[in-house]
Amino acid sequence: MADRRDFLKASLLGASAVALASGANALTGPTGTGKTAGQGKGPRVISTWDFGVAANQAAWSVLAKGGHALDAVETGVMVPEADLKNHSVGRAGYPDRDGHVSLDASIMDADGSCGAVAALEHIAHPIQVARRVMERTPHVLLVGDGALQFALEQGFKKEELLTPESELAWKEWLKTAHYQPSANSEVRDYGKTGLPGGKDNHDTIGMLAIDAQGRLAGACTTSGMAWKLRGRVGDSPIIGAGLYVDGEVGAATSTGVGEEVIRNAGSFLVVELMRQGRSPQEACREAVMRIVKKRPHASKDLQVGFLAMNRDGEVGAFAIQPGFSYAVCDAQRQDGLLPAKSVY
Ligand code: GLY
């Protein structure tokens, strides 16, 4: 985690010029240089948090060759899914209260095609299974044992995803956890920020891309909250909550405490606000404010961030708490990292 914070600081220095050029934490043209909407069409890929930089670069390898946005987002989010240092996505994700690593993921294309898996265990790349659900079944969401059965039938390998490091962290937590089944309370005293949904105790990669042909797509994948109750599912695999894409309007994704995002159909709301004419930045801000207004006291102690891109490639982000960053990659800049504005 310390490595990630150092990396974030270094990247933010590099990104500050971009932020200044954009006049806000929203990109208005292909490189944030103020070009108007419509001139900024792709390719471009954005994703949540500092680990999004490496994920974006993998997605960019697809986009730069003229590839499809859907292939780009799938390829991109597989990077943190495989990263053993990342304890909030994929393999090495922190387990639930009972020591099981269970993963959630969703993928969505511009035409409304989508697929998702929730509470999937033993499969290292849930995003690939989500795509198979989309392309090879008439369904949208498979969960738990059924999702695992489907993955195995599709040829995915069953693996142990709990690494020694994650197991050690879980056992440390058990020493003082009192093992009470209270949603979210487990993470209050865990991590550097102390905030449920903060970057050091719970984060998600949500990635949105527009390709050279102007096609939008999105993907979202997470191991969910550390030490969650067994069976808990967050916003990431819920289409309209953790991810939503409408090729006529734009795309949105979220990170943070999924319960709050689900209550407000967060990513769908962001896209609908863009449909009504809001910029991606304004739409993300309004979606965050809905959460804060509905539960003002709870919101002081939790993090939710939204990230959005409209069909012109404009980008915006907003969060409840400071500290949410998002990575941007396009033809001019492969390693951009920007701080999102926040309520507090
Ligand atoms: N945002 C991911 C989760 O709440 O599980």
# chains A, B, ... in the order shown; residues from 1 in each chain; ligands from 1

$ select_by_dssp --residues "stretch 125-336 of chain A" --states "strand (DSSP E)" --output "ChimeraX atom specification"
/A:141-143,205-210,216-222,243-246,250-256,304-310,315-319,325-330,336

$ residues_near_ligand --ligand "ligand 1" --cutoff "7 Å" --atoms "only C-alpha atoms and all ligand atoms" --output "list in words"
Asp203, Thr204, Thr222, Ser223, Gly224, Met225, Val233, Gly234, Asp235, Ser236, Gly242, Ser254, Thr255, Gly256, Val257, Gly258 and Glu259 of chain A

$ closest_residue --among "A:Arg215, A:His122, A:Lys300, A:Arg232" --to "A:His68" --atoms "only C-alpha atoms"
A:Arg215

$ closest_residue --among "A:Glu282, A:Glu167, A:Asp312, A:Asp301" --to "A:Ala92" --atoms "only C-alpha atoms"
A:Glu167

$ residues_around --residues "stretch 260-275 of chain A" --least-positions-apart "4" --cutoff "8 Å" --atoms "only C-alpha atoms" --output "MDAnalysis selection string"
chainID A and resid 234:235 238 240:246 249:254 279:280 283:284 286:287 290:291 304 306 308 310

$ write_last_selection --atoms "C-alpha atoms" --output "PDB file, in the first residue's frame"
ATOM      1  CA  GLY A 234     -21.667  -4.837  -3.700  1.00  0.00           C
ATOM      2  CA  ASP A 235     -22.432  -2.532  -6.597  1.00  0.00           C
ATOM      3  CA  ILE A 238     -25.027  -4.794 -10.542  1.00  0.00           C
ATOM      4  CA  GLY A 240     -26.905   0.323 -13.306  1.00  0.00           C
ATOM      5  CA  ALA A 241     -25.183   0.516  -9.933  1.00  0.00           C
ATOM      6  CA  GLY A 242     -21.439  -0.128 -10.369  1.00  0.00           C
ATOM      7  CA  LEU A 243     -21.478   0.139 -14.158  1.00  0.00           C
ATOM      8  CA  TYR A 244     -23.702   1.462 -16.914  1.00  0.00           C
ATOM      9  CA  VAL A 245     -23.077   2.134 -20.603  1.00  0.00           C
ATOM     10  CA  ASP A 246     -25.406   3.660 -23.188  1.00  0.00           C
ATOM     11  CA  VAL A 249     -25.097   9.005 -24.166  1.00  0.00           C
ATOM     12  CA  GLY A 250     -22.059   7.816 -22.239  1.00  0.00           C
ATOM     13  CA  ALA A 251     -20.811   5.484 -19.541  1.00  0.00           C
ATOM     14  CA  ALA A 252     -20.293   5.567 -15.789  1.00  0.00           C
ATOM     15  CA  THR A 253     -18.743   3.433 -13.080  1.00  0.00           C
ATOM     16  CA  SER A 254     -18.265   3.652  -9.340  1.00  0.00           C
ATOM     17  CA  SER A 279     -21.361  17.184 -18.307  1.00  0.00           C
ATOM     18  CA  PRO A 280     -19.730  14.002 -16.960  1.00  0.00           C
ATOM     19  CA  ALA A 283     -23.426  14.248 -13.444  1.00  0.00           C
ATOM     20  CA  CYS A 284     -20.918  12.555 -11.107  1.00  0.00           C
ATOM     21  CA  GLU A 286     -25.048  15.190  -8.608  1.00  0.00           C
ATOM     22  CA  ALA A 287     -24.965  11.408  -8.089  1.00  0.00           C
ATOM     23  CA  ARG A 290     -27.872  12.233  -3.825  1.00  0.00           C
ATOM     24  CA  ILE A 291     -26.019   9.777  -1.609  1.00  0.00           C
ATOM     25  CA  VAL A 304     -18.036   6.642  -2.889  1.00  0.00           C
ATOM     26  CA  PHE A 306     -18.094   8.086  -9.633  1.00  0.00           C
ATOM     27  CA  ALA A 308     -17.922   9.035 -16.247  1.00  0.00           C
ATOM     28  CA  ASN A 310     -19.725  10.848 -22.480  1.00  0.00           C
TER      29      ASN A 310
END

$ closest_residue --among "A:Val45, A:Ala69, A:Met289, A:Ala147" --to "A:Tyr326" --atoms "only C-alpha atoms"
A:Val45

$ atom_distance --atom1 "atom CA of A:Pro80" --atom2 "atom CA of A:Gly155"
21.6 Å

$ select_by_dssp --residues "stretch 25-150 of chain A" --states "alpha helix (DSSP H)" --output "PyMOL selection string"
chain A and resi 52-63+69-82+126-136+144-150

$ residues_around --residues "A:Phe156" --least-positions-apart "6" --cutoff "10 Å" --atoms "only C-alpha atoms" --output "list in words"
His122, Ile123, Ala124, His125, Pro126, Gln128, Val129, Leu148, Gln149 and Phe150 of chain A

$ write_last_selection --atoms "N, CA, C and O atoms" --output "PDB file, in the first residue's frame"
ATOM      1  N   HIS A 122     -12.715 -18.846  -6.577  1.00  0.00           N
ATOM      2  CA  HIS A 122     -11.750 -19.750  -7.211  1.00  0.00           C
ATOM      3  C   HIS A 122     -11.460 -19.471  -8.682  1.00  0.00           C
ATOM      4  O   HIS A 122     -10.799 -20.287  -9.328  1.00  0.00           O
ATOM      5  N   ILE A 123     -11.942 -18.376  -9.218  1.00  0.00           N
ATOM      6  CA  ILE A 123     -11.646 -18.055 -10.618  1.00  0.00           C
ATOM      7  C   ILE A 123     -10.897 -16.728 -10.645  1.00  0.00           C
ATOM      8  O   ILE A 123     -11.398 -15.707 -10.164  1.00  0.00           O
ATOM      9  N   ALA A 124      -9.703 -16.744 -11.222  1.00  0.00           N
ATOM     10  CA  ALA A 124      -8.804 -15.593 -11.089  1.00  0.00           C
ATOM     11  C   ALA A 124      -9.259 -14.370 -11.878  1.00  0.00           C
ATOM     12  O   ALA A 124      -8.936 -13.246 -11.506  1.00  0.00           O
ATOM     13  N   HIS A 125      -9.966 -14.593 -12.972  1.00  0.00           N
ATOM     14  CA  HIS A 125     -10.376 -13.451 -13.801  1.00  0.00           C
ATOM     15  C   HIS A 125     -11.905 -13.429 -13.962  1.00  0.00           C
ATOM     16  O   HIS A 125     -12.445 -13.818 -15.006  1.00  0.00           O
ATOM     17  N   PRO A 126     -12.601 -12.923 -12.958  1.00  0.00           N
ATOM     18  CA  PRO A 126     -14.065 -12.886 -13.045  1.00  0.00           C
ATOM     19  C   PRO A 126     -14.582 -12.051 -14.212  1.00  0.00           C
ATOM     20  O   PRO A 126     -15.670 -12.322 -14.724  1.00  0.00           O
ATOM     21  N   GLN A 128     -13.561 -12.097 -17.211  1.00  0.00           N
ATOM     22  CA  GLN A 128     -13.693 -12.955 -18.394  1.00  0.00           C
ATOM     23  C   GLN A 128     -14.949 -13.824 -18.302  1.00  0.00           C
ATOM     24  O   GLN A 128     -15.603 -14.093 -19.310  1.00  0.00           O
ATOM     25  N   VAL A 129     -15.267 -14.228 -17.083  1.00  0.00           N
ATOM     26  CA  VAL A 129     -16.490 -15.028 -16.910  1.00  0.00           C
ATOM     27  C   VAL A 129     -17.721 -14.141 -17.163  1.00  0.00           C
ATOM     28  O   VAL A 129     -18.692 -14.573 -17.795  1.00  0.00           O
ATOM     29  N   LEU A 148     -19.619 -20.350 -10.528  1.00  0.00           N
ATOM     30  CA  LEU A 148     -18.415 -21.190 -10.572  1.00  0.00           C
ATOM     31  C   LEU A 148     -18.629 -22.373 -11.517  1.00  0.00           C
ATOM     32  O   LEU A 148     -17.763 -22.699 -12.345  1.00  0.00           O
ATOM     33  N   GLN A 149     -19.795 -23.015 -11.411  1.00  0.00           N
ATOM     34  CA  GLN A 149     -20.103 -24.142 -12.300  1.00  0.00           C
ATOM     35  C   GLN A 149     -20.023 -23.717 -13.765  1.00  0.00           C
ATOM     36  O   GLN A 149     -19.423 -24.393 -14.603  1.00  0.00           O
ATOM     37  N   PHE A 150     -20.597 -22.553 -14.072  1.00  0.00           N
ATOM     38  CA  PHE A 150     -20.566 -22.036 -15.442  1.00  0.00           C
ATOM     39  C   PHE A 150     -19.118 -21.790 -15.887  1.00  0.00           C
ATOM     40  O   PHE A 150     -18.727 -22.168 -16.997  1.00  0.00           O
TER      41      PHE A 150
END

$ atom_distance --atom1 "atom CA of A:Arg44" --atom2 "atom CA of A:Gly323"
23.0 Å

$ residues_around --residues "A:Arg285" --least-positions-apart "6" --cutoff "9 Å" --atoms "only C-alpha atoms" --output "ChimeraX atom specification"
/A:270,306,316-320,341-343

$ write_last_selection --atoms "N, CA, C and O atoms" --output "PDB file, in the first residue's frame"
ATOM      1  N   VAL A 270     -25.943   8.575 -13.226  1.00  0.00           N
ATOM      2  CA  VAL A 270     -24.946   9.444 -13.874  1.00  0.00           C
ATOM      3  C   VAL A 270     -25.209   9.510 -15.383  1.00  0.00           C
ATOM      4  O   VAL A 270     -25.210  10.595 -15.981  1.00  0.00           O
ATOM      5  N   PHE A 306     -17.584   8.421  -8.293  1.00  0.00           N
ATOM      6  CA  PHE A 306     -18.094   8.086  -9.633  1.00  0.00           C
ATOM      7  C   PHE A 306     -17.128   8.612 -10.682  1.00  0.00           C
ATOM      8  O   PHE A 306     -16.485   9.651 -10.497  1.00  0.00           O
ATOM      9  N   GLY A 316     -15.303  13.010 -16.494  1.00  0.00           N
ATOM     10  CA  GLY A 316     -15.512  13.692 -15.224  1.00  0.00           C
ATOM     11  C   GLY A 316     -15.507  12.691 -14.080  1.00  0.00           C
ATOM     12  O   GLY A 316     -15.687  11.488 -14.288  1.00  0.00           O
ATOM     13  N   ALA A 317     -15.293  13.208 -12.862  1.00  0.00           N
ATOM     14  CA  ALA A 317     -15.287  12.349 -11.671  1.00  0.00           C
ATOM     15  C   ALA A 317     -15.648  13.181 -10.457  1.00  0.00           C
ATOM     16  O   ALA A 317     -15.437  14.403 -10.440  1.00  0.00           O
ATOM     17  N   PHE A 318     -16.190  12.523  -9.443  1.00  0.00           N
ATOM     18  CA  PHE A 318     -16.500  13.219  -8.190  1.00  0.00           C
ATOM     19  C   PHE A 318     -16.624  12.160  -7.095  1.00  0.00           C
ATOM     20  O   PHE A 318     -17.023  11.025  -7.361  1.00  0.00           O
ATOM     21  N   ALA A 319     -16.257  12.556  -5.863  1.00  0.00           N
ATOM     22  CA  ALA A 319     -16.289  11.601  -4.749  1.00  0.00           C
ATOM     23  C   ALA A 319     -16.830  12.271  -3.494  1.00  0.00           C
ATOM     24  O   ALA A 319     -16.896  13.498  -3.413  1.00  0.00           O
ATOM     25  N   ILE A 320     -17.198  11.463  -2.511  1.00  0.00           N
ATOM     26  CA  ILE A 320     -17.619  12.029  -1.226  1.00  0.00           C
ATOM     27  C   ILE A 320     -16.400  12.565  -0.479  1.00  0.00           C
ATOM     28  O   ILE A 320     -16.393  13.693  -0.001  1.00  0.00           O
ATOM     29  N   LYS A 341     -12.471  15.838  -7.517  1.00  0.00           N
ATOM     30  CA  LYS A 341     -13.016  16.749  -6.512  1.00  0.00           C
ATOM     31  C   LYS A 341     -13.944  15.969  -5.583  1.00  0.00           C
ATOM     32  O   LYS A 341     -14.432  14.894  -5.942  1.00  0.00           O
ATOM     33  N   SER A 342     -14.204  16.542  -4.407  1.00  0.00           N
ATOM     34  CA  SER A 342     -15.003  15.806  -3.437  1.00  0.00           C
ATOM     35  C   SER A 342     -15.868  16.747  -2.619  1.00  0.00           C
ATOM     36  O   SER A 342     -15.649  17.964  -2.607  1.00  0.00           O
ATOM     37  N   VAL A 343     -16.853  16.157  -1.928  1.00  0.00           N
ATOM     38  CA  VAL A 343     -17.754  16.938  -1.094  1.00  0.00           C
ATOM     39  C   VAL A 343     -17.013  17.493   0.116  1.00  0.00           C
ATOM     40  O   VAL A 343     -17.164  18.666   0.461  1.00  0.00           O
TER      41      VAL A 343
END

$ residues_around --residues "A:Arg91" --least-positions-apart "5" --cutoff "8 Å" --atoms "only C-alpha atoms" --output "list in words"
Glu81, Ala82, Asp83, Leu84, Ala124, His125, Leu161, Leu162 and Thr163 of chain A

$ atom_distance --atom1 "atom CA of A:Met134" --atom2 "atom CA of A:Asp104"
14.6 Å

$ residues_around --residues "stretch 137-141 of chain A" --least-positions-apart "3" --cutoff "7 Å" --atoms "only C-alpha atoms" --output "short mmCIF file (atom, residue, chain, number, x, y, z; two decimals) with N, CA, C and O atoms, in the first residue's frame"
data_model
loop_
_atom_site.label_atom_id
_atom_site.label_comp_id
_atom_site.auth_asym_id
_atom_site.auth_seq_id
_atom_site.Cartn_x
_atom_site.Cartn_y
_atom_site.Cartn_z
N CYS A 114 -24.76 -6.98 -21.76
CA CYS A 114 -23.99 -6.94 -20.51
C CYS A 114 -23.97 -8.33 -19.87
O CYS A 114 -24.83 -9.18 -20.14
N GLY A 115 -23.00 -8.53 -19.01
CA GLY A 115 -22.88 -9.78 -18.27
C GLY A 115 -22.18 -9.52 -16.95
O GLY A 115 -21.39 -8.57 -16.83
N ALA A 116 -22.48 -10.37 -15.96
CA ALA A 116 -21.90 -10.14 -14.64
C ALA A 116 -21.83 -11.44 -13.85
O ALA A 116 -22.60 -12.38 -14.10
N VAL A 117 -20.91 -11.46 -12.89
CA VAL A 117 -20.84 -12.55 -11.91
C VAL A 117 -20.72 -11.94 -10.53
O VAL A 117 -20.14 -10.87 -10.36
N VAL A 133 -20.78 -14.78 -19.73
CA VAL A 133 -22.21 -14.73 -19.39
C VAL A 133 -22.94 -13.88 -20.43
O VAL A 133 -24.01 -14.23 -20.92
N MET A 134 -22.31 -12.75 -20.77
CA MET A 134 -22.91 -11.84 -21.75
C MET A 134 -23.05 -12.49 -23.12
O MET A 134 -24.09 -12.38 -23.77
#

$ closest_residue --among "A:Gly218, A:Gly52, A:Gly90, A:Pro164" --to "A:Ser113" --atoms "only C-alpha atoms"
A:Gly218
